[in-house]
Amino acid sequence: MARTALDMSVKDLAIAASVSTNTLVRFERGEELKPRTIAAIRSALESAGIVFLDGDYQGAGGPGIRFKDPTSQH
């Protein structure tokens, strides 16, 4: 969902996360990956402007994503 929201291709995200496109495709299919690989993918998405929400975020009702506030200095 986050990759699509950013309009990133699998190849673009794979390059940003320093993982192979095959690894990213496996991740998107729900296959289990090493925690450090998941962390690299998450970090690349966060650097591109995604914020991950847990189920408790402002009554969101479940996990999700949003874009970073462009005015935020964090």
# chains A, B, ... in the order shown; residues from 1 in each chain; ligands from 1
call {"tool": "residues_around", "arguments": {"residues": "segment 13-26 of chain A", "least_positions_apart": "4", "cutoff": "12 Å", "atoms": "only C-alpha atoms", "output": "list in words"}}
result
Ala2, Arg3, Thr4, Leu6, Asp7, Met8, Ser9, Gly30, Glu31, Glu32, Leu33, Lys34, Arg36, Thr37, Ile38, Ala39, Ala40, Ile41, Arg42, Ser43, Ala44, Leu45, Glu46, Ser47 and Ala48 of chain A
call {"tool": "select_by_dssp", "arguments": {"residues": "chain A", "states": "helix (DSSP H, G or I)", "output": "ChimeraX atom specification"}}
result
/A:2-5,10-17,21-28,35-47,57-59
call {"tool": "closest_residue", "arguments": {"among": "A:Ile65, A:Gly49, A:Phe27, A:Asp54", "to": "Val10 of chain A", "atoms": "only C-alpha atoms"}}
result
A:Phe27
call {"tool": "select_by_dssp", "arguments": {"residues": "chain A", "states": "strand (DSSP E or B)", "output": "list of chain:residue names"}}
result
A:Ile50, A:Val51, A:Phe52, A:Leu53, A:Gly64, A:Ile65, A:Arg66, A:Phe67
